[in-house]
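Take a look at the structure set out below.
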Amino acid sequence: MKVGSLFAGIGGIDLGFEQAGAKIIWANEADPYACMTYKLNFENELIEMKIQEVYNEEIPDIDILTGGFPCQSFSTVGAMRGFEDKGKGDLIFEVFRILKAKQPQAVFLENVKGLLLQDKGKSFDTILEHLKNLGYYVKYQLINSLTHGNVPQNRERVYIVSFKNETAYNKFVFPEPIRNSSTIKQIINPAEQKEEALYIPKNTPLYEQQKEIMTNKDAVYMIGAKYKFGQFSNRCPALLATMGEDTKKVPYVTDNFGIRRLTIRECFNIQGFPNDYIIPKNMSSSQLYKQIGNSVTVPVVKRIAENILQALS
């Protein structure tokens, strides 16, 4: 099955579909830094421009169209301006434009939980209505990476899957929850010392305040108001794009050497990216934290993609 990828980012959705057995033949992404990371890991054609500038004729014939369209306009972390957020929230209509022109057999869309809540659900209803008017049968589900991805991350996202064919629609089911055997300790390896800049300096007020509290090496901690830490036992809260704007938004852990932020690689692993996924060496940590927060949990996408391919077979 040939896949075209919109809002490809660093390729989390693409990787999940590849692992499921599909072939990515074309992708589009506007962020130049995300494009750099993407090209280190994929060989397919990548169009590096805004989706509004992509002509329908430039997109090859595809069986499946995917898109993790911009979430900031629907996130409870942001202003939740929805479709009124020009250049972000309204980009879903570019997806509809391309769907109308290319008519793929199936569509996979992903976004934040807030999409269900924005404007009392009216924005989500509008999306469903457009898909149905384009001739698609639509299913959607709110899925947590913790229960469906076997990763130690509490990340709820809305997944929308649509089919042109009613038989494929009827055959498709979202994956069931699975036993989660992953732990934070498996990812952070507390016996391995990381770079010094990640650690809270000892003999500082913040360190002295937290050293008696942050003792659990199976927990992840988040800095809240007035530098109070929230504890999450053996799981990580959702990794956010705002990690790239403020290092205090990066989760903290305790290892054998002190209290520190999660590394870039650890964040990628918490999202289910494999260890052989290439991370750019000369890119700022702020860009990389932003990229992984904007991405998806790969094993969740893979499981959904497997069911899409089975429904289309």
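In the structure tokens, chains take the letters A, B, ... in the order shown, each chain's residues start at 1, and ligands count up from 1 in the order shown.
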
| query | DSSP says alpha helix (DSSP H) for which residues of stretch 46-166 of chain A? Put them as a count of residues only? | reply | 28

| request: List the neighbours of A:Tyr221 out to 6 Å using only C-alpha atoms; skip same-chain residues closer than 2 positions along the sequence, and give me the result as a ChimeraX atom specification. | output: /A:229-231,251-252

Name all residues at most 8 Å from A:Thr37 (count only C-alpha atoms; drop same-chain ones fewer than 5 positions away) and give them as a short mmCIF file (atom, residue, chain, number, x, y, z; two decimals) with C-alpha atoms, in the first residue's frame.
```cif
data_model
loop_
_atom_site.label_atom_id
_atom_site.label_comp_id
_atom_site.auth_asym_id
_atom_site.auth_seq_id
_atom_site.Cartn_x
_atom_site.Cartn_y
_atom_site.Cartn_z
CA ILE A 10 10.11 13.83 11.99
CA ILE A 278 19.00 8.84 13.76
CA ILE A 279 18.95 12.04 15.81
CA PRO A 280 20.85 15.02 14.28
#
```

| field | Shell around A:Lys171 at 9 Å using only C-alpha atoms, local window under 2 positions removed, as a VMD selection string | value | chain A and resid 166 to 169 173 307 to 308 310 to 312

Could you please take those selected residues and save N, CA and C atoms as a PDB file, in the first residue's frame?
```pdb
ATOM      1  N   GLU A 166     -17.141   0.828   2.098  1.00  0.00           N
ATOM      2  CA  GLU A 166     -17.894   0.494   3.304  1.00  0.00           C
ATOM      3  C   GLU A 166     -17.479  -0.864   3.868  1.00  0.00           C
ATOM      4  N   THR A 167     -17.100  -1.788   2.986  1.00  0.00           N
ATOM      5  CA  THR A 167     -16.666  -3.106   3.460  1.00  0.00           C
ATOM      6  C   THR A 167     -15.392  -2.976   4.292  1.00  0.00           C
ATOM      7  N   ALA A 168     -14.440  -2.182   3.822  1.00  0.00           N
ATOM      8  CA  ALA A 168     -13.202  -1.961   4.581  1.00  0.00           C
ATOM      9  C   ALA A 168     -13.505  -1.268   5.904  1.00  0.00           C
ATOM     10  N   TYR A 169     -14.417  -0.319   5.858  1.00  0.00           N
ATOM     11  CA  TYR A 169     -14.844   0.385   7.070  1.00  0.00           C
ATOM     12  C   TYR A 169     -15.404  -0.591   8.101  1.00  0.00           C
ATOM     13  N   VAL A 173     -11.205  -2.324  12.882  1.00  0.00           N
ATOM     14  CA  VAL A 173     -11.425  -2.075  14.307  1.00  0.00           C
ATOM     15  C   VAL A 173     -10.162  -1.457  14.889  1.00  0.00           C
ATOM     16  N   ASN A 307      -4.112  -2.651  11.317  1.00  0.00           N
ATOM     17  CA  ASN A 307      -5.546  -2.922  11.163  1.00  0.00           C
ATOM     18  C   ASN A 307      -6.124  -2.248   9.930  1.00  0.00           C
ATOM     19  N   ILE A 308      -5.580  -1.072   9.571  1.00  0.00           N
ATOM     20  CA  ILE A 308      -6.013  -0.412   8.330  1.00  0.00           C
ATOM     21  C   ILE A 308      -5.640  -1.271   7.127  1.00  0.00           C
ATOM     22  N   GLN A 310      -5.052  -4.437   7.015  1.00  0.00           N
ATOM     23  CA  GLN A 310      -5.842  -5.666   7.016  1.00  0.00           C
ATOM     24  C   GLN A 310      -7.251  -5.405   6.480  1.00  0.00           C
ATOM     25  N   ALA A 311      -7.827  -4.265   6.853  1.00  0.00           N
ATOM     26  CA  ALA A 311      -9.172  -3.928   6.382  1.00  0.00           C
ATOM     27  C   ALA A 311      -9.191  -3.685   4.876  1.00  0.00           C
ATOM     28  N   LEU A 312      -8.087  -3.166   4.337  1.00  0.00           N
ATOM     29  CA  LEU A 312      -8.015  -2.867   2.910  1.00  0.00           C
ATOM     30  C   LEU A 312      -7.631  -4.079   2.066  1.00  0.00           C
TER      31      LEU A 312
END
```

Could you make a table, as CSV, of the residues of stretch 145-233 of chain A that have an atom within 9 Å of an atom of stretch 281-300 of chain A, each with its nearest atom pair and distance in Å to one decimal, counting only C-alpha atoms, in chain and number order?
```
residue,atom,partner,partner_atom,distance
A:Ser145,CA,A:Val300,CA,6.4
A:His148,CA,A:Val300,CA,6.0
A:Gly149,CA,A:Val300,CA,4.8
A:Asn150,CA,A:Pro299,CA,7.6
A:Val151,CA,A:Thr297,CA,8.3
A:Gln153,CA,A:Thr297,CA,8.9
A:Arg155,CA,A:Thr297,CA,8.4
A:Arg157,CA,A:Val296,CA,8.8
A:Pro175,CA,A:Val300,CA,8.6
```

| Hey, can you check how far atom CA of A:Ile143 sits from atom CA of A:Tyr159? |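 According to the coordinates, atom CA of A:Ile143 and atom CA of A:Tyr159 are separated by 7.3 Å.
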
Exercise: A:Phe42 partners within 10 Å, only C-alpha atoms, chain neighbours under 6 positions left out, as a CSV table (one decimal) with N, CA and C atoms, in the first residue's frame:
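Wrote around39.csv, looks like this:
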```csv
chain,number,residue,atom,x,y,z
A,10,ILE,N,8.9,14.6,12.0
A,10,ILE,CA,10.1,13.8,12.0
A,10,ILE,C,9.8,12.4,11.6
A,11,GLY,N,8.6,12.1,11.2
A,11,GLY,CA,8.2,10.8,10.6
A,11,GLY,C,7.7,9.8,11.5
A,14,ASP,N,4.9,8.0,9.8
A,14,ASP,CA,5.5,7.3,8.7
A,14,ASP,C,6.2,6.1,9.1
A,15,LEU,N,6.9,6.2,10.2
A,15,LEU,CA,7.6,5.0,10.7
A,15,LEU,C,6.6,3.9,11.2
A,24,ILE,N,5.9,4.3,2.3
A,24,ILE,CA,5.8,5.8,2.2
A,24,ILE,C,6.4,6.2,0.9
A,25,ILE,N,5.7,6.9,0.0
A,25,ILE,CA,6.2,7.3,-1.3
A,25,ILE,C,6.4,8.8,-1.4
A,27,ALA,N,6.0,12.7,1.1
A,27,ALA,CA,5.7,13.4,2.3
A,27,ALA,C,5.9,14.9,2.2
```

Long-range neighbours of A:Gly258 as a CSV table (one decimal) with all heavy atoms, in the first residue's frame, 12 Å cut-off, only C-alpha atoms, 4 positions minimum in chain:
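As a result, part_1.csv now contains:
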```csv
chain,number,residue,atom,x,y,z
A,190,PRO,N,19.5,4.2,35.3
A,190,PRO,CA,20.0,5.1,36.4
A,190,PRO,C,21.5,4.9,36.7
A,190,PRO,O,22.1,5.8,37.3
A,190,PRO,CB,19.2,4.8,37.6
A,190,PRO,CG,18.6,3.4,37.3
A,190,PRO,CD,18.5,3.3,35.8
A,191,ALA,N,22.1,3.9,36.3
A,191,ALA,CA,23.5,3.6,36.6
A,191,ALA,C,24.5,4.3,35.6
A,191,ALA,O,25.7,4.3,35.7
A,191,ALA,CB,23.9,2.1,36.6
A,192,GLU,N,23.9,4.9,34.5
A,192,GLU,CA,24.7,5.6,33.5
A,192,GLU,C,24.6,7.1,33.7
A,192,GLU,O,23.5,7.7,33.6
A,192,GLU,CB,24.1,5.2,32.1
A,192,GLU,CG,24.9,5.8,31.0
A,192,GLU,CD,24.3,5.4,29.6
A,192,GLU,OE1,24.2,4.2,29.4
A,192,GLU,OE2,23.9,6.3,28.8
A,193,GLN,N,25.7,7.7,33.9
A,193,GLN,CA,25.8,9.2,34.0
A,193,GLN,C,25.6,9.9,32.7
A,193,GLN,O,26.3,9.5,31.7
A,193,GLN,CB,27.1,9.6,34.7
A,193,GLN,CG,27.1,11.1,35.1
A,193,GLN,CD,28.3,11.4,36.0
A,193,GLN,OE1,29.2,10.6,36.2
A,193,GLN,NE2,28.3,12.6,36.6
A,194,LYS,N,24.8,10.9,32.7
A,194,LYS,CA,24.5,11.7,31.5
A,194,LYS,C,25.3,13.0,31.5
A,194,LYS,O,26.0,13.3,32.5
A,194,LYS,CB,23.0,12.0,31.4
A,194,LYS,CG,22.2,10.7,31.3
A,194,LYS,CD,22.6,9.8,30.1
A,194,LYS,CE,21.6,8.7,29.9
A,194,LYS,NZ,21.6,7.7,31.0
A,195,GLU,N,25.2,13.8,30.5
A,195,GLU,CA,26.0,15.1,30.4
A,195,GLU,C,25.6,16.0,31.6
A,195,GLU,O,24.4,16.1,32.0
A,195,GLU,CB,25.8,15.7,29.1
A,195,GLU,CG,24.3,16.1,28.7
A,195,GLU,CD,24.2,16.7,27.4
A,195,GLU,OE1,24.6,17.9,27.2
A,195,GLU,OE2,23.8,16.1,26.4
A,196,GLU,N,26.6,16.7,32.0
A,196,GLU,CA,26.4,17.5,33.3
A,196,GLU,C,25.3,18.6,33.2
A,196,GLU,O,24.6,18.8,34.2
A,196,GLU,CB,27.8,18.2,33.6
A,196,GLU,CG,27.8,19.0,34.9
A,196,GLU,CD,29.1,19.6,35.1
A,196,GLU,OE1,30.1,19.3,34.4
A,196,GLU,OE2,29.2,20.4,36.1
A,197,ALA,N,25.1,19.1,32.0
A,197,ALA,CA,24.1,20.2,31.8
A,197,ALA,C,22.7,19.7,32.1
A,197,ALA,O,21.8,20.6,32.4
A,197,ALA,CB,24.2,20.8,30.4
A,198,LEU,N,22.4,18.5,32.1
A,198,LEU,CA,21.1,18.0,32.3
A,198,LEU,C,20.7,17.9,33.8
A,198,LEU,O,19.5,17.9,34.2
A,198,LEU,CB,20.9,16.5,31.8
A,198,LEU,CG,21.0,16.4,30.2
A,198,LEU,CD1,21.1,14.9,29.8
A,198,LEU,CD2,19.8,17.0,29.6
A,199,TYR,N,21.7,17.9,34.7
A,199,TYR,CA,21.5,17.8,36.1
A,199,TYR,C,21.2,19.1,36.8
A,199,TYR,O,21.8,20.2,36.4
A,199,TYR,CB,22.7,17.1,36.8
A,199,TYR,CG,22.9,15.7,36.4
A,199,TYR,CD1,23.6,15.3,35.3
A,199,TYR,CD2,22.3,14.7,37.2
A,199,TYR,CE1,23.7,14.0,35.0
A,199,TYR,CE2,22.5,13.3,36.9
A,199,TYR,CZ,23.2,13.0,35.8
A,199,TYR,OH,23.3,11.7,35.4
A,200,ILE,N,20.3,19.1,37.8
A,200,ILE,CA,20.2,20.2,38.7
A,200,ILE,C,21.4,20.4,39.5
A,200,ILE,O,21.8,19.4,40.2
A,200,ILE,CB,19.0,20.1,39.6
A,200,ILE,CG1,17.7,20.0,38.8
A,200,ILE,CG2,18.9,21.2,40.6
A,200,ILE,CD1,16.4,19.7,39.7
A,201,PRO,N,22.1,21.5,39.5
A,201,PRO,CA,23.4,21.7,40.2
A,201,PRO,C,23.2,21.4,41.7
A,201,PRO,O,22.2,21.9,42.3
A,201,PRO,CB,23.8,23.1,39.9
A,201,PRO,CG,23.1,23.5,38.7
A,201,PRO,CD,21.8,22.7,38.7
A,202,LYS,N,24.1,20.7,42.3
A,202,LYS,CA,24.0,20.4,43.7
A,202,LYS,C,24.4,21.7,44.5
A,202,LYS,O,25.0,22.6,44.0
A,202,LYS,CB,24.9,19.2,44.1
A,202,LYS,CG,24.4,17.9,43.5
A,202,LYS,CD,25.3,16.8,43.8
A,202,LYS,CE,24.8,15.5,43.2
A,202,LYS,NZ,25.6,14.3,43.5
A,203,ASN,N,24.0,21.7,45.8
A,203,ASN,CA,24.2,22.9,46.6
A,203,ASN,C,23.5,24.1,46.1
A,203,ASN,O,23.9,25.2,46.4
A,203,ASN,CB,25.7,23.1,46.8
A,203,ASN,CG,26.4,21.9,47.4
A,203,ASN,OD1,25.9,21.3,48.3
A,203,ASN,ND2,27.6,21.7,46.8
A,207,TYR,N,17.9,22.2,44.3
A,207,TYR,CA,18.4,20.9,44.6
A,207,TYR,C,18.1,20.5,46.0
A,207,TYR,O,17.6,19.4,46.3
A,207,TYR,CB,19.9,20.7,44.2
A,207,TYR,CG,20.4,19.3,44.5
A,207,TYR,CD1,20.2,18.3,43.5
A,207,TYR,CD2,21.1,19.0,45.7
A,207,TYR,CE1,20.7,17.0,43.8
A,207,TYR,CE2,21.5,17.7,45.9
A,207,TYR,CZ,21.3,16.7,44.9
A,207,TYR,OH,21.8,15.4,45.2
A,208,GLU,N,18.5,21.4,46.9
A,208,GLU,CA,18.3,21.1,48.3
A,208,GLU,C,16.8,20.9,48.7
A,208,GLU,O,16.5,20.1,49.5
A,208,GLU,CB,18.9,22.2,49.2
A,208,GLU,CG,20.4,22.4,49.1
A,208,GLU,CD,21.1,21.2,49.6
A,208,GLU,OE1,20.6,20.6,50.6
A,208,GLU,OE2,22.2,20.8,49.0
A,210,GLN,N,14.6,19.6,46.7
A,210,GLN,CA,14.0,18.4,46.1
A,210,GLN,C,14.7,17.1,46.4
A,210,GLN,O,14.1,16.1,46.1
A,210,GLN,CB,14.0,18.6,44.5
A,210,GLN,CG,13.1,19.8,44.1
A,210,GLN,CD,11.7,19.7,44.5
A,210,GLN,OE1,11.1,18.7,44.7
A,210,GLN,NE2,11.1,20.9,44.8
A,211,LYS,N,15.9,17.1,46.8
A,211,LYS,CA,16.7,15.9,47.0
A,211,LYS,C,16.0,14.9,48.0
A,211,LYS,O,16.2,13.7,47.8
A,211,LYS,CB,18.1,16.2,47.4
A,211,LYS,CG,18.3,16.7,48.8
A,211,LYS,CD,19.8,16.9,49.1
A,211,LYS,CE,19.9,17.4,50.6
A,211,LYS,NZ,21.4,17.6,50.9
A,212,GLU,N,15.3,15.4,48.9
A,212,GLU,CA,14.6,14.5,49.9
A,212,GLU,C,13.3,14.0,49.3
A,212,GLU,O,12.7,13.0,49.8
A,212,GLU,CB,14.4,15.2,51.2
A,212,GLU,CG,15.7,15.8,51.9
A,212,GLU,CD,16.7,14.7,52.2
A,212,GLU,OE1,16.2,13.5,52.5
A,212,GLU,OE2,17.9,14.9,52.1
A,214,MET,N,12.6,13.7,45.7
A,214,MET,CA,12.8,13.0,44.4
A,214,MET,C,13.8,11.9,44.6
A,214,MET,O,14.9,11.8,44.0
A,214,MET,CB,13.3,14.0,43.3
A,214,MET,CG,12.3,15.1,43.0
A,214,MET,SD,12.8,16.2,41.7
A,214,MET,CE,13.0,15.1,40.3
A,215,THR,N,13.3,10.9,45.3
A,215,THR,CA,14.2,9.7,45.7
A,215,THR,C,13.8,8.5,44.9
A,215,THR,O,14.6,7.5,44.9
A,215,THR,CB,14.1,9.4,47.2
A,215,THR,OG1,12.8,9.2,47.5
A,215,THR,CG2,14.7,10.6,48.0
A,216,ASN,N,12.7,8.5,44.3
A,216,ASN,CA,12.2,7.3,43.6
A,216,ASN,C,12.7,7.2,42.2
A,216,ASN,O,12.4,8.0,41.3
A,216,ASN,CB,10.6,7.3,43.5
A,216,ASN,CG,10.0,6.0,43.0
A,216,ASN,OD1,10.7,5.1,42.5
A,216,ASN,ND2,8.7,5.9,43.0
A,217,LYS,N,13.6,6.2,41.9
A,217,LYS,CA,14.2,6.0,40.6
A,217,LYS,C,13.2,5.4,39.6
A,217,LYS,O,13.6,5.2,38.4
A,217,LYS,CB,15.5,5.2,40.7
A,217,LYS,CG,16.6,6.0,41.5
A,217,LYS,CD,17.8,5.1,41.6
A,217,LYS,CE,18.8,5.9,42.5
A,217,LYS,NZ,20.0,5.1,42.8
A,252,TYR,N,11.7,15.3,34.7
A,252,TYR,CA,12.9,15.0,35.5
A,252,TYR,C,12.8,13.6,36.0
A,252,TYR,O,11.8,13.0,36.3
A,252,TYR,CB,13.0,16.0,36.6
A,252,TYR,CG,13.5,17.4,36.2
A,252,TYR,CD1,12.7,18.2,35.5
A,252,TYR,CD2,14.8,17.8,36.5
A,252,TYR,CE1,13.1,19.5,35.1
A,252,TYR,CE2,15.3,19.0,36.1
A,252,TYR,CZ,14.4,19.9,35.4
A,252,TYR,OH,14.9,21.1,35.1
A,253,VAL,N,14.0,13.0,36.2
A,253,VAL,CA,14.2,11.7,36.9
A,253,VAL,C,15.3,11.8,37.8
A,253,VAL,O,16.2,12.7,37.8
A,253,VAL,CB,14.4,10.6,35.8
A,253,VAL,CG1,13.2,10.4,35.0
A,253,VAL,CG2,15.7,10.9,35.0
A,254,THR,N,15.4,10.8,38.7
A,254,THR,CA,16.5,10.7,39.7
A,254,THR,C,17.3,9.5,39.3
A,254,THR,O,16.8,8.4,39.1
A,254,THR,CB,16.0,10.5,41.1
A,254,THR,OG1,15.3,11.7,41.5
A,254,THR,CG2,17.2,10.3,42.1
```

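The residue that comes closest to A:Asn44, out of A:Ala20, A:Val3, A:Ile187, A:Met243 and on the basis of only C-alpha atoms, is A:Val3.
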
| request: Could you jot down the atom CA of A:His130 to atom CA of A:Asp31 separation for me, Å, one decimal place? | output: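 Separation of atom CA of A:His130 and atom CA of A:Asp31: 26.7 Å.
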
| message | If we count only C-alpha atoms and set the cut-off at 10 Å, which residues sit around A:Ile47, ignoring sequence neighbours fewer than 5 positions away in its own chain? Please answer as a list of chain:residue names. | response | A:Leu6, A:Ala8, A:Trp26, A:Ala27, A:Asn28, A:Glu29, A:Ala30, A:Cys35, A:Val54, A:Glu58, A:Ile59

Write the residues of the selection above to a file with C-alpha atoms, as a short mmCIF file (atom, residue, chain, number, x, y, z; two decimals), in the first residue's frame.
```
data_model
loop_
_atom_site.label_atom_id
_atom_site.label_comp_id
_atom_site.auth_asym_id
_atom_site.auth_seq_id
_atom_site.Cartn_x
_atom_site.Cartn_y
_atom_site.Cartn_z
CA LEU A 6 1.05 15.37 5.34
CA ALA A 8 5.15 14.56 8.37
CA TRP A 26 5.70 11.01 -0.63
CA ALA A 27 5.70 13.38 2.33
CA ASN A 28 5.28 17.07 3.08
CA GLU A 29 6.65 19.12 5.98
CA ALA A 30 7.21 22.87 6.36
CA CYS A 35 12.85 18.12 7.60
CA VAL A 54 1.57 22.21 -2.48
CA GLU A 58 2.47 17.38 -7.35
CA ILE A 59 1.16 14.56 -5.16
#
```
